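Next comes query_15.txt, a file with compact mmCIF, C-alpha atoms and all ligand atoms.
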# COMPACT_ATOMS: atom_id res chain seq x y z
CA MET A 1 20.51 43.30 -13.25
CA SER A 2 24.24 42.80 -12.65
CA ALA A 3 26.21 39.78 -13.80
CA ILE A 4 26.54 38.67 -10.18
CA VAL A 5 22.80 38.73 -9.40
CA THR A 6 21.32 36.86 -12.33
CA THR A 7 17.94 36.13 -10.81
CA SER A 8 16.17 38.17 -8.17
CA ARG A 9 14.37 36.57 -5.22
CA LEU A 10 11.77 39.31 -5.73
CA PRO A 11 11.62 39.75 -9.50
CA ILE A 12 8.34 41.68 -9.70
CA ILE A 13 8.93 43.88 -6.66
CA GLU A 14 10.36 47.37 -6.99
CA SER A 15 11.83 49.57 -4.27
CA SER A 16 9.38 50.68 -1.56
CA ILE A 17 6.89 53.26 -2.86
CA PHE A 18 6.98 54.99 0.55
CA ALA A 19 10.74 55.47 0.38
CA ARG A 20 10.54 56.50 -3.27
CA MET A 21 7.86 59.16 -2.82
CA SER A 22 9.46 60.54 0.35
CA ARG A 23 12.80 60.81 -1.45
CA ILE A 24 11.28 62.75 -4.35
CA ALA A 25 9.33 64.92 -1.88
CA VAL A 26 12.60 65.91 -0.17
CA GLN A 27 14.25 66.54 -3.54
CA PHE A 28 11.49 68.98 -4.54
CA ASN A 29 11.03 70.35 -1.04
CA ALA A 30 7.39 69.29 -1.29
CA VAL A 31 4.77 69.08 1.47
CA ASN A 32 4.99 65.37 2.18
CA LEU A 33 1.64 63.64 2.72
CA SER A 34 2.90 60.46 1.05
CA GLN A 35 4.59 58.15 3.59
CA GLY A 36 2.48 57.49 6.67
CA TYR A 37 4.21 59.13 9.60
CA PRO A 38 3.48 62.11 11.86
CA ASP A 39 5.52 65.30 11.44
CA PHE A 40 4.69 66.38 15.01
CA PRO A 41 6.76 65.40 18.07
CA PRO A 42 5.72 62.64 20.52
CA ASP A 43 4.67 63.10 24.14
CA GLU A 44 7.60 64.62 26.06
CA ARG A 45 7.19 61.95 28.74
CA LEU A 46 8.19 59.37 26.15
CA ILE A 47 11.47 61.15 25.40
CA GLU A 48 12.13 61.50 29.13
CA ALA A 49 11.36 57.81 29.69
CA LEU A 50 13.82 56.89 26.93
CA PHE A 51 16.49 59.12 28.47
CA ASN A 52 15.90 57.48 31.87
CA ALA A 53 16.02 53.98 30.37
CA VAL A 54 19.38 54.70 28.73
CA GLN A 55 20.68 56.39 31.91
CA SER A 56 19.59 53.40 33.99
CA ASN A 57 21.64 51.26 31.63
CA TYR A 58 18.84 49.27 30.07
CA ASN A 59 21.19 49.06 27.12
CA GLN A 60 21.80 45.35 26.62
CA TYR A 61 19.71 42.76 24.80
CA SER A 62 16.24 42.27 26.16
CA LEU A 63 14.64 38.84 26.24
CA SER A 64 14.18 37.78 22.63
CA GLU A 65 10.39 37.90 23.00
CA GLY A 66 10.57 41.44 24.42
CA THR A 67 10.83 42.98 27.90
CA GLU A 68 8.35 41.70 30.43
CA ALA A 69 7.27 45.29 31.17
CA LEU A 70 6.27 45.90 27.56
CA ARG A 71 4.55 42.56 27.06
CA VAL A 72 2.50 43.15 30.21
CA ALA A 73 1.63 46.70 29.07
CA ILE A 74 0.43 45.44 25.66
CA SER A 75 -1.61 42.72 27.32
CA LYS A 76 -3.19 45.36 29.57
CA MET A 77 -4.11 47.45 26.51
CA PHE A 78 -5.99 44.44 25.09
CA THR A 79 -7.91 44.10 28.35
CA VAL A 80 -8.78 47.81 28.42
CA LEU A 81 -9.83 47.93 24.76
CA TYR A 82 -11.44 44.54 24.17
CA SER A 83 -11.74 42.90 27.64
CA MET A 84 -9.61 40.24 26.04
CA PRO A 85 -7.04 38.28 28.01
CA VAL A 86 -3.67 37.93 26.28
CA ASP A 87 -1.00 35.93 28.11
CA PRO A 88 2.16 38.07 28.02
CA VAL A 89 4.33 35.05 28.79
CA VAL A 90 3.44 32.75 25.90
CA GLU A 91 1.18 34.68 23.50
CA LEU A 92 3.05 37.89 22.80
CA THR A 93 6.24 38.73 20.89
CA VAL A 94 7.70 42.23 20.64
CA THR A 95 9.12 42.85 17.16
CA VAL A 96 11.05 45.47 15.20
CA GLY A 97 7.98 47.24 13.84
CA ALA A 98 4.82 45.59 12.52
CA THR A 99 6.67 44.84 9.29
CA GLN A 100 9.01 42.42 11.07
CA ALA A 101 6.03 40.92 12.94
CA ILE A 102 4.50 40.21 9.52
CA PHE A 103 7.75 38.74 8.20
CA ALA A 104 8.30 36.55 11.28
CA THR A 105 4.70 35.33 11.12
CA VAL A 106 4.71 34.52 7.42
CA SER A 107 8.17 32.95 7.36
CA SER A 108 7.43 30.77 10.39
CA LEU A 109 3.99 29.55 9.33
CA VAL A 110 4.02 29.43 5.52
CA HIS A 111 5.80 26.49 3.88
CA THR A 112 7.13 26.22 0.32
CA GLY A 113 4.22 25.94 -2.10
CA ASP A 114 1.56 27.05 0.41
CA GLU A 115 -0.94 29.54 -0.96
CA VAL A 116 -1.59 32.79 0.87
CA ILE A 117 -4.64 34.91 0.05
CA PHE A 118 -4.52 38.65 0.60
CA PHE A 119 -6.49 41.67 -0.55
CA GLN A 120 -5.33 44.49 -2.82
CA PRO A 121 -4.84 47.41 -2.63
CA ALA A 122 -2.50 46.15 0.08
CA PHE A 123 0.27 47.36 2.33
CA GLU A 124 3.39 46.65 0.33
CA CYS A 125 5.22 44.07 2.47
CA TYR A 126 2.63 41.25 2.29
CA MET A 127 3.54 39.97 -1.14
CA PRO A 128 7.35 39.98 -0.63
CA ALA A 129 6.93 38.26 2.75
CA ILE A 130 4.92 35.47 1.09
CA MET A 131 7.35 35.12 -1.82
CA LEU A 132 10.47 34.98 0.36
CA ALA A 133 8.84 32.22 2.41
CA GLY A 134 8.39 30.23 -0.81
CA GLY A 135 4.63 30.73 -0.65
CA ILE A 136 2.34 31.51 -3.56
CA PRO A 137 0.54 34.85 -3.30
CA THR A 138 -3.13 34.94 -4.34
CA ALA A 139 -4.27 38.56 -4.53
CA LEU A 140 -7.99 39.38 -4.50
CA GLN A 141 -8.99 42.88 -5.54
CA LEU A 142 -11.08 45.07 -3.21
CA HIS A 143 -13.43 47.52 -4.87
CA GLY A 144 -14.51 51.04 -3.88
CA PRO A 145 -16.22 52.78 -2.36
CA THR A 146 -16.45 50.23 0.51
CA PHE A 147 -13.24 48.22 -0.15
CA LEU A 148 -14.59 45.28 1.90
CA PRO A 149 -13.97 41.62 0.93
CA ASP A 150 -16.45 39.70 -1.22
CA TRP A 151 -16.71 36.49 0.81
CA ASP A 152 -18.06 34.36 -2.04
CA GLU A 153 -15.03 35.34 -4.09
CA VAL A 154 -12.77 34.50 -1.13
CA GLU A 155 -14.34 31.05 -0.77
CA GLN A 156 -13.83 30.40 -4.48
CA ALA A 157 -10.15 31.33 -4.19
CA ILE A 158 -9.52 28.86 -1.33
CA THR A 159 -7.83 25.61 -2.35
CA GLU A 160 -6.46 22.66 -0.38
CA ARG A 161 -3.09 24.46 -0.45
CA THR A 162 -4.40 27.65 1.19
CA ARG A 163 -2.36 28.05 4.35
CA MET A 164 -3.05 31.65 5.35
CA ILE A 165 -5.28 34.66 4.68
CA ILE A 166 -3.87 38.11 5.42
CA ILE A 167 -6.37 40.80 6.37
CA ASN A 168 -6.03 44.43 7.41
CA SER A 169 -8.50 46.64 9.27
CA PRO A 170 -8.52 49.65 9.56
CA HIS A 171 -7.27 49.33 6.04
CA ASN A 172 -4.15 50.94 4.63
CA PRO A 173 -4.51 52.61 2.09
CA THR A 174 -8.33 52.99 1.88
CA GLY A 175 -9.45 53.60 5.49
CA ALA A 176 -12.10 50.84 5.20
CA CYS A 177 -12.98 49.03 8.44
CA TRP A 178 -14.31 45.54 8.92
CA LEU A 179 -17.73 44.82 10.34
CA GLN A 180 -18.38 42.00 12.80
CA ALA A 181 -20.09 40.11 9.96
CA ASP A 182 -16.77 40.04 8.04
CA ALA A 183 -14.95 38.46 10.99
CA ARG A 184 -17.79 35.92 11.35
CA ARG A 185 -17.61 34.92 7.68
CA LEU A 186 -13.84 34.57 7.90
CA GLY A 187 -14.22 32.49 11.08
CA GLU A 188 -16.62 30.12 9.29
CA LEU A 189 -14.25 29.74 6.35
CA ALA A 190 -11.19 29.23 8.57
CA ASP A 191 -13.05 26.53 10.46
CA LYS A 192 -14.21 24.84 7.28
CA TYR A 193 -10.89 24.92 5.40
CA GLY A 194 -8.39 25.04 8.27
CA PHE A 195 -6.18 28.00 7.37
CA ILE A 196 -4.39 30.54 9.59
CA VAL A 197 -5.26 34.25 9.63
CA LEU A 198 -2.73 37.06 9.83
CA SER A 199 -4.53 40.22 10.87
CA ASP A 200 -2.70 43.52 10.44
CA GLU A 201 -4.39 45.78 13.01
CA VAL A 202 -1.78 48.53 13.11
CA TYR A 203 -4.41 51.32 13.06
CA HIS A 204 -6.76 49.72 15.62
CA ASN A 205 -6.73 52.79 17.87
CA ILE A 206 -7.76 55.25 15.15
CA LEU A 207 -11.47 55.00 14.33
CA PHE A 208 -14.04 57.55 13.18
CA GLU A 209 -17.83 57.97 13.24
CA GLN A 210 -18.51 55.62 16.15
CA GLN A 211 -16.89 52.80 14.19
CA GLU A 212 -15.69 50.11 16.60
CA HIS A 213 -12.57 48.13 15.91
CA VAL A 214 -13.31 44.52 15.03
CA THR A 215 -10.22 42.66 16.16
CA VAL A 216 -10.02 39.28 14.54
CA PHE A 217 -9.80 37.78 18.04
CA SER A 218 -13.38 38.90 18.71
CA GLU A 219 -14.48 36.01 16.48
CA PRO A 220 -14.18 32.97 18.80
CA ARG A 221 -13.29 30.61 15.94
CA LEU A 222 -10.26 32.75 15.13
CA ARG A 223 -8.76 33.18 18.62
CA GLU A 224 -6.56 30.07 18.22
CA ARG A 225 -6.05 30.42 14.46
CA ALA A 226 -5.10 34.08 14.11
CA VAL A 227 -2.03 36.23 14.60
CA VAL A 228 -2.73 39.90 15.37
CA VAL A 229 0.00 42.34 14.43
CA GLY A 230 0.25 45.88 15.80
CA SER A 231 2.61 48.84 16.05
CA LEU A 232 3.51 50.74 19.18
CA SER A 233 5.71 53.20 17.35
CA LYS A 234 2.56 54.22 15.41
CA ILE A 235 0.54 54.66 18.60
CA MET A 236 3.33 56.78 20.16
CA HIS A 237 3.97 58.88 17.00
CA VAL A 238 7.56 57.62 16.72
CA THR A 239 7.50 55.48 13.57
CA GLY A 240 11.30 55.46 13.44
CA TRP A 241 11.51 53.58 16.73
CA ARG A 242 10.29 50.41 14.99
CA ILE A 243 8.52 48.66 17.87
CA GLY A 244 5.67 46.31 16.98
CA TYR A 245 4.18 43.07 18.22
CA ALA A 246 2.58 39.79 17.22
CA ILE A 247 -0.08 38.17 19.40
CA ALA A 248 -1.17 34.57 18.87
CA SER A 249 -1.98 31.34 20.68
CA ALA A 250 0.97 29.73 22.50
CA ALA A 251 1.42 27.15 19.72
CA LEU A 252 1.63 29.77 16.94
CA THR A 253 3.74 32.10 19.11
CA ALA A 254 6.32 29.36 19.73
CA GLU A 255 6.84 29.10 15.96
CA ILE A 256 6.91 32.87 15.43
CA ARG A 257 9.51 33.27 18.20
CA LYS A 258 11.74 30.62 16.62
CA VAL A 259 12.06 32.78 13.52
CA HIS A 260 12.03 36.13 15.31
CA GLN A 261 15.09 35.21 17.41
CA PHE A 262 17.17 34.72 14.27
CA GLN A 263 15.76 37.60 12.25
CA THR A 264 16.70 40.19 14.83
CA TYR A 265 17.10 38.47 18.24
CA ALA A 266 15.21 41.25 20.04
CA ALA A 267 13.82 44.75 19.57
CA PRO A 268 15.91 47.63 21.04
CA THR A 269 15.76 47.47 24.84
CA PRO A 270 15.59 51.14 25.97
CA LEU A 271 12.86 51.88 23.43
CA GLN A 272 10.80 49.02 24.83
CA TYR A 273 11.20 50.35 28.38
CA ALA A 274 10.19 53.86 27.40
CA ILE A 275 7.13 52.74 25.45
CA ALA A 276 5.98 50.40 28.24
CA GLU A 277 5.98 53.29 30.70
CA ILE A 278 3.74 55.49 28.55
CA LEU A 279 1.52 52.64 27.32
CA ASN A 280 0.53 51.95 30.93
CA ASP A 281 -1.40 55.23 30.75
CA SER A 282 -4.43 54.28 28.66
CA ASN A 283 -4.86 57.89 27.47
CA SER A 284 -1.83 57.32 25.24
CA TYR A 285 -4.03 55.23 22.95
CA LEU A 286 -7.60 56.19 23.92
CA ALA A 287 -7.06 59.78 22.75
CA LEU A 288 -5.92 58.87 19.23
CA SER A 289 -9.31 58.63 17.48
CA LYS A 290 -10.25 62.14 18.58
CA LEU A 291 -6.88 63.57 17.57
CA PHE A 292 -6.94 62.07 14.09
CA ALA A 293 -10.67 62.68 13.48
CA ARG A 294 -9.96 66.37 14.03
CA LYS A 295 -7.01 66.25 11.63
CA ARG A 296 -8.99 64.41 8.98
CA ASP A 297 -11.82 66.96 9.29
CA LEU A 298 -9.34 69.83 9.02
CA PHE A 299 -7.94 68.27 5.85
CA LEU A 300 -11.37 67.66 4.30
CA ASP A 301 -12.71 71.10 5.29
CA GLY A 302 -9.76 72.61 3.47
CA LEU A 303 -10.75 70.69 0.34
CA GLN A 304 -14.37 71.90 0.24
CA ASP A 305 -13.63 74.37 -2.55
CA SER A 306 -11.27 72.10 -4.43
CA ARG A 307 -11.90 69.86 -7.42
CA PHE A 308 -10.90 66.74 -5.48
CA LYS A 309 -13.60 64.36 -4.27
CA TRP A 310 -13.05 62.14 -1.25
CA LEU A 311 -13.99 58.61 -0.33
CA PRO A 312 -15.21 57.67 3.15
CA THR A 313 -12.43 56.99 5.69
CA ARG A 314 -13.56 55.01 8.74
CA GLY A 315 -10.19 54.50 10.40
CA GLY A 316 -6.43 54.84 10.12
CA TYR A 317 -4.63 57.95 9.01
CA PHE A 318 -5.02 58.00 5.28
CA GLN A 319 -7.51 59.70 2.98
CA LEU A 320 -8.18 58.68 -0.62
CA LEU A 321 -8.86 61.57 -2.98
CA ASP A 322 -10.40 61.17 -6.43
CA TYR A 323 -8.93 63.60 -8.98
CA SER A 324 -10.95 62.47 -12.01
CA ALA A 325 -12.61 65.92 -12.26
CA ILE A 326 -9.14 67.44 -12.72
CA SER A 327 -7.24 65.07 -14.98
CA ASN A 328 -7.43 61.82 -16.87
CA GLU A 329 -3.74 61.03 -16.28
CA ALA A 330 -2.67 57.74 -14.71
CA ASP A 331 -2.41 58.12 -10.94
CA SER A 332 1.39 57.71 -10.86
CA ASP A 333 1.81 60.43 -13.52
CA PHE A 334 -0.57 62.70 -11.69
CA ALA A 335 1.22 62.07 -8.35
CA ASN A 336 4.56 62.91 -9.98
CA ARG A 337 3.13 66.10 -11.45
CA LEU A 338 1.71 67.12 -8.06
CA ILE A 339 5.25 66.99 -6.70
CA THR A 340 7.06 68.72 -9.55
CA ASP A 341 4.42 71.37 -10.40
CA PHE A 342 2.63 71.90 -7.09
CA ASN A 343 5.16 70.75 -4.45
CA ILE A 344 2.90 68.29 -2.69
CA ALA A 345 3.46 64.53 -2.37
CA ALA A 346 0.86 61.73 -2.16
CA ILE A 347 0.91 58.05 -3.09
CA PRO A 348 -0.86 56.76 -6.21
CA LEU A 349 -3.32 54.02 -5.29
CA SER A 350 -2.09 51.82 -8.16
CA SER A 351 1.17 51.26 -6.30
CA PHE A 352 -0.69 49.17 -3.72
CA SER A 353 -1.56 46.50 -6.31
CA ILE A 354 0.48 44.06 -8.40
CA PRO A 355 -0.13 43.80 -11.30
CA TYR A 356 -0.91 47.43 -11.99
CA GLN A 357 -4.54 48.48 -11.46
CA GLU A 358 -5.42 51.76 -13.10
CA THR A 359 -7.05 54.30 -10.75
CA ARG A 360 -7.72 58.02 -10.47
CA LEU A 361 -7.09 57.96 -6.73
CA LEU A 362 -4.28 59.18 -4.50
CA ARG A 363 -3.58 58.39 -0.83
CA PHE A 364 -2.85 61.32 1.47
CA CYS A 365 -1.63 60.95 5.07
CA PHE A 366 -3.34 63.42 7.41
CA ALA A 367 -1.24 62.50 10.49
CA LYS A 368 0.43 65.89 10.23
CA LYS A 369 0.68 69.20 12.10
CA ASP A 370 -2.35 71.45 11.55
CA GLU A 371 -0.11 73.96 9.75
CA THR A 372 1.11 71.24 7.37
CA LEU A 373 -2.49 70.28 6.59
CA LEU A 374 -3.46 73.91 6.02
CA THR A 375 -0.51 74.43 3.66
CA ALA A 376 -1.40 71.19 1.86
CA THR A 377 -5.06 72.06 1.36
CA ALA A 378 -4.18 75.60 0.22
CA ILE A 379 -2.06 73.98 -2.51
CA LEU A 380 -4.67 71.35 -3.40
CA ARG A 381 -7.34 74.03 -3.86
CA THR A 382 -5.22 75.52 -6.65
CA VAL A 383 -4.95 72.23 -8.57
N1 LIG B 401 2.82 52.48 7.12
C1 LIG B 401 3.33 53.64 6.45
C2 LIG B 401 2.60 53.89 5.16
O1 LIG B 401 1.75 53.14 4.77
C3 LIG B 401 4.79 53.59 6.16
C4 LIG B 401 5.40 52.25 6.15
C5 LIG B 401 6.80 52.22 5.64
O2 LIG B 401 7.32 53.21 5.15
N2 LIG B 401 7.37 51.09 5.73
O3 LIG B 401 2.87 54.88 4.54

Using structure tokens, write down the structure that the file contains.
Ligand code: GLN
Amino acid sequence: MSAIVTTSRLPIIESSIFARMSRIAVQFNAVNLSQGYPDFPPDERLIEALFNAVQSNYNQYSLSEGTEALRVAISKMFTVLYSMPVDPVVELTVTVGATQAIFATVSSLVHTGDEVIFFQPAFECYMPAIMLAGGIPTALQLHGPTFLPDWDEVEQAITERTRMIIINSPHNPTGACWLQADARRLGELADKYGFIVLSDEVYHNILFEQQEHVTVFSEPRLRERAVVVGSLSKIMHVTGWRIGYAIASAALTAEIRKVHQFQTYAAPTPLQYAIAEILNDSNSYLALSKLFARKRDLFLDGLQDSRFKWLPTRGGYFQLLDYSAISNEADSDFANRLITDFNIAAIPLSSFSIPYQETRLLRFCFAKKDETLLTATAILRTV
């Protein structure tokens, strides 16, 4: 640490594992299945819609809460998927990616000294968001192969200072998906202890084996108490566009918007216009499960003759592989060696937990071109 910065606001947090692994992957020219993003192009209509939006001079600030067109399109998606009314005027905020939706939600609703429970392995921004809000993170560990919460353990962890519980289904990095019974248990606890729920549902449109998405709003006791966060740039295969959203009751949304307006004012206007146009066609999200189920199967078929074993993936676009039949190295060492010796990048599962949890598991992203997946599995069969 330099003489100028004597104490860090995030002392136990390192630089993003996604950025780190992608950087090393580029350095070694490795097949990159580490960071979660597609390497295939989006629908051409989306590019055309963006061009038209810029040409039509939708180039100034949008409303802070997002363009009306996009808020209405998101609300329509919730009706199509869950027959669930969402008021685009007072319940929906368009954000700069789901990450900013999470930050705006946590920093507007968590006060200094409030406790926030979340589950590890976890997407990496939860803990920093809690810490920067002055909250106290309480991490509960999920265990394989199901990686579903143990509700008795959750109830034991709740105190009178518990302000929020953060959940995530389909789960990044494990691909676990909640059952209705999980939402019911959480609803009972939220009612009993009076906390807020932040539900990261970024992968809600990607589900396998007849699994249905359990949005936290499907539990009536959570409709007023929960914030649902999603990502449109994920749905549209343009993760660099950074367009997400937060949906919550009018009272919670008013608080989220107060913070959102000063974090970023508004998400980029032409990108919102373009996405709204394509999102109005429900095929843009209804086709995703089939697309990614095929890619996951292609990836797993290619691993049949390998020494990797895989864990069940019910949703999302990540696959955990167990390499314990190959090596007894720590997962971060093994991941580094896969890059340097075999030219393929994945993320060690231990990097989704603080403090360090030893595993023999790696996360691979299968949201890739078929040829990328075939190259990747050809390499993995030689390991
Ligand atoms: N969600 C993606 C992942 O889990 C990437 C997120 C990011 O890089 N911020 O890999």

Set out as CSV a contact list for chain A and ligand LIG 401 (chain B) with a cut-off of 7 Å, giving each residue of chain A that qualifies its closest atom pair and distance in Å to one decimal, counting only C-alpha atoms and all ligand atoms, ordered by chain and rising residue number.
residue,atom,partner,partner_atom,distance
A:Phe18,CA,B:LIG401,O2,4.9
A:Ala19,CA,B:LIG401,O2,6.3
A:Ser34,CA,B:LIG401,O3,6.6
A:Gln35,CA,B:LIG401,O3,3.8
A:Gly36,CA,B:LIG401,O3,3.4
A:Tyr37,CA,B:LIG401,C1,6.4
A:Phe123,CA,B:LIG401,O1,6.4
A:Asn172,CA,B:LIG401,O1,6.3
A:Pro173,CA,B:LIG401,O1,6.8

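You can rank A:Ile354, A:Val202, A:Ile339, A:Ile379 by their closest distance to Phe28 in chain A using all atoms listed in the file, and at the top of that list sits A:Ile339.
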
>> List the spatial neighbours of range 134-147 of chain A as a count of residues only - criterion: any atom at most 6 Å away, all atoms listed in the file, same-chain residues fewer than 6 positions off excluded.
In response: 9

> Between CA of Met84 in chain A and CA of Ala250 in chain A, what is the spacing in Å?
Replying inline: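 Atom-to-atom, CA of Ala250 in chain A and CA of Met84 in chain A are spaced 15.3 Å apart.
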
> Tyr203 in chain A: which residues within 9 Å, counting only C-alpha atoms, same-chain residues fewer than 5 positions away excluded, as a PyMOL selection string?
Replying inline: chain A and resi 169-172+230-231+234-235+315-317

At a cut-off of 9 Å, using all atoms listed in the file, what residues contact range 263-266 of chain A? Leave out same-chain residues fewer than 4 positions from it and give the result as an mmCIF file with C-alpha atoms, keeping the file's coordinate frame.
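Okay, selection.cif is ready:
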data_model
loop_
_atom_site.group_PDB
_atom_site.id
_atom_site.type_symbol
_atom_site.label_atom_id
_atom_site.label_comp_id
_atom_site.auth_asym_id
_atom_site.auth_seq_id
_atom_site.Cartn_x
_atom_site.Cartn_y
_atom_site.Cartn_z
ATOM 1 C CA TYR A 61 19.710 42.760 24.800
ATOM 2 C CA SER A 62 16.240 42.270 26.160
ATOM 3 C CA LEU A 63 14.640 38.840 26.240
ATOM 4 C CA SER A 64 14.180 37.780 22.630
ATOM 5 C CA GLU A 65 10.390 37.900 23.000
ATOM 6 C CA GLY A 66 10.570 41.440 24.420
ATOM 7 C CA VAL A 94 7.700 42.230 20.640
ATOM 8 C CA THR A 95 9.120 42.850 17.160
ATOM 9 C CA VAL A 96 11.050 45.470 15.200
ATOM 10 C CA GLN A 100 9.010 42.420 11.070
ATOM 11 C CA ALA A 104 8.300 36.550 11.280
ATOM 12 C CA VAL A 259 12.060 32.780 13.520
#

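CA of Ile4 in chain A is positioned 24.6 Å from CA of Ile130 in chain A.
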
>> Using only C-alpha atoms, can you tell me which of A:Asp43, A:Asp305, A:Glu219, A:Asp281 comes closest to Ala183 in chain A?
In response: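 Closest to Ala183 in chain A, using only C-alpha atoms: A:Glu219.
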
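The smallest atom-to-atom distance between Thr105 in chain A and any of A:Ser56, A:Asn280, A:Thr253, A:Thr313, using all atoms listed in the file, is found for A:Thr253.
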
>> Please list as a ChimeraX atom specification every residue within 12 Å of Asp39 in chain A, counting only C-alpha atoms and excluding residues in the same chain fewer than 5 positions away.
In response: /A:31-34,237-240,365-373

> Could you state the separation of CA of Val72 in chain A and CA of His204 in chain A in Å, given to one decimal place?
Replying inline: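 Interatomic distance, CA of Val72 in chain A to CA of His204 in chain A: 18.5 Å.
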
>> Need the shell around Glu124 in chain A: protein/DNA/RNA residues with any atom at most 9 Å away, counting all atoms listed in the file. Skip same-chain ones fewer than 3 positions apart. Format as a list in words?
In response: Ser16, Ile17, Pro121, Met127, Pro128, Ser351, Phe352 and Ser353 of chain A

Box along x, y and z, 6 Å on every side, all listed atoms of range 367-372 of chain A inside: centre and edge lengths in Å to one decimal, as JSON.
{"center_x": -0.6, "center_y": 68.2, "center_z": 9.7, "size_x": 15.5, "size_y": 23.5, "size_z": 16.7}

Fill-in result for range 137-149 of chain A, N, CA, C and O atoms as a compact mmCIF listing (two decimals), in the coordinates of the input:
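Contents of the output file part.txt:
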# COMPACT_ATOMS: atom_id res chain seq x y z
N PRO A 137 1.52 33.82 -3.62
CA PRO A 137 0.54 34.85 -3.30
C PRO A 137 -0.70 34.78 -4.19
O PRO A 137 -0.57 34.65 -5.41
N THR A 138 -1.88 34.85 -3.59
CA THR A 138 -3.13 34.94 -4.34
C THR A 138 -3.79 36.26 -3.95
O THR A 138 -4.27 36.40 -2.82
N ALA A 139 -3.74 37.23 -4.86
CA ALA A 139 -4.27 38.56 -4.53
C ALA A 139 -5.71 38.69 -5.01
O ALA A 139 -6.00 38.44 -6.18
N LEU A 140 -6.60 39.09 -4.11
CA LEU A 140 -7.99 39.38 -4.50
C LEU A 140 -8.17 40.89 -4.45
O LEU A 140 -7.67 41.55 -3.53
N GLN A 141 -8.88 41.43 -5.44
CA GLN A 141 -8.99 42.88 -5.54
C GLN A 141 -10.19 43.40 -4.74
O GLN A 141 -11.29 42.85 -4.85
N LEU A 142 -9.98 44.41 -3.92
CA LEU A 142 -11.08 45.07 -3.21
C LEU A 142 -11.59 46.21 -4.10
O LEU A 142 -10.80 46.84 -4.80
N HIS A 143 -12.89 46.48 -4.01
CA HIS A 143 -13.43 47.52 -4.87
C HIS A 143 -14.10 48.64 -4.06
O HIS A 143 -14.73 48.37 -3.04
N GLY A 144 -13.92 49.88 -4.54
CA GLY A 144 -14.51 51.04 -3.88
C GLY A 144 -16.00 51.10 -4.14
O GLY A 144 -16.47 50.42 -5.03
N PRO A 145 -16.75 51.90 -3.40
CA PRO A 145 -16.22 52.78 -2.36
C PRO A 145 -16.03 52.08 -1.00
O PRO A 145 -15.41 52.64 -0.12
N THR A 146 -16.53 50.83 -0.84
CA THR A 146 -16.45 50.23 0.51
C THR A 146 -15.11 49.54 0.77
O THR A 146 -14.63 49.48 1.89
N PHE A 147 -14.51 48.97 -0.26
CA PHE A 147 -13.24 48.22 -0.15
C PHE A 147 -13.32 47.12 0.92
O PHE A 147 -12.39 46.91 1.68
N LEU A 148 -14.45 46.42 0.97
CA LEU A 148 -14.59 45.28 1.90
C LEU A 148 -14.55 43.99 1.08
O LEU A 148 -14.91 43.98 -0.11
N PRO A 149 -14.10 42.87 1.69
CA PRO A 149 -13.97 41.62 0.93
C PRO A 149 -15.31 41.07 0.46
O PRO A 149 -16.34 41.23 1.13
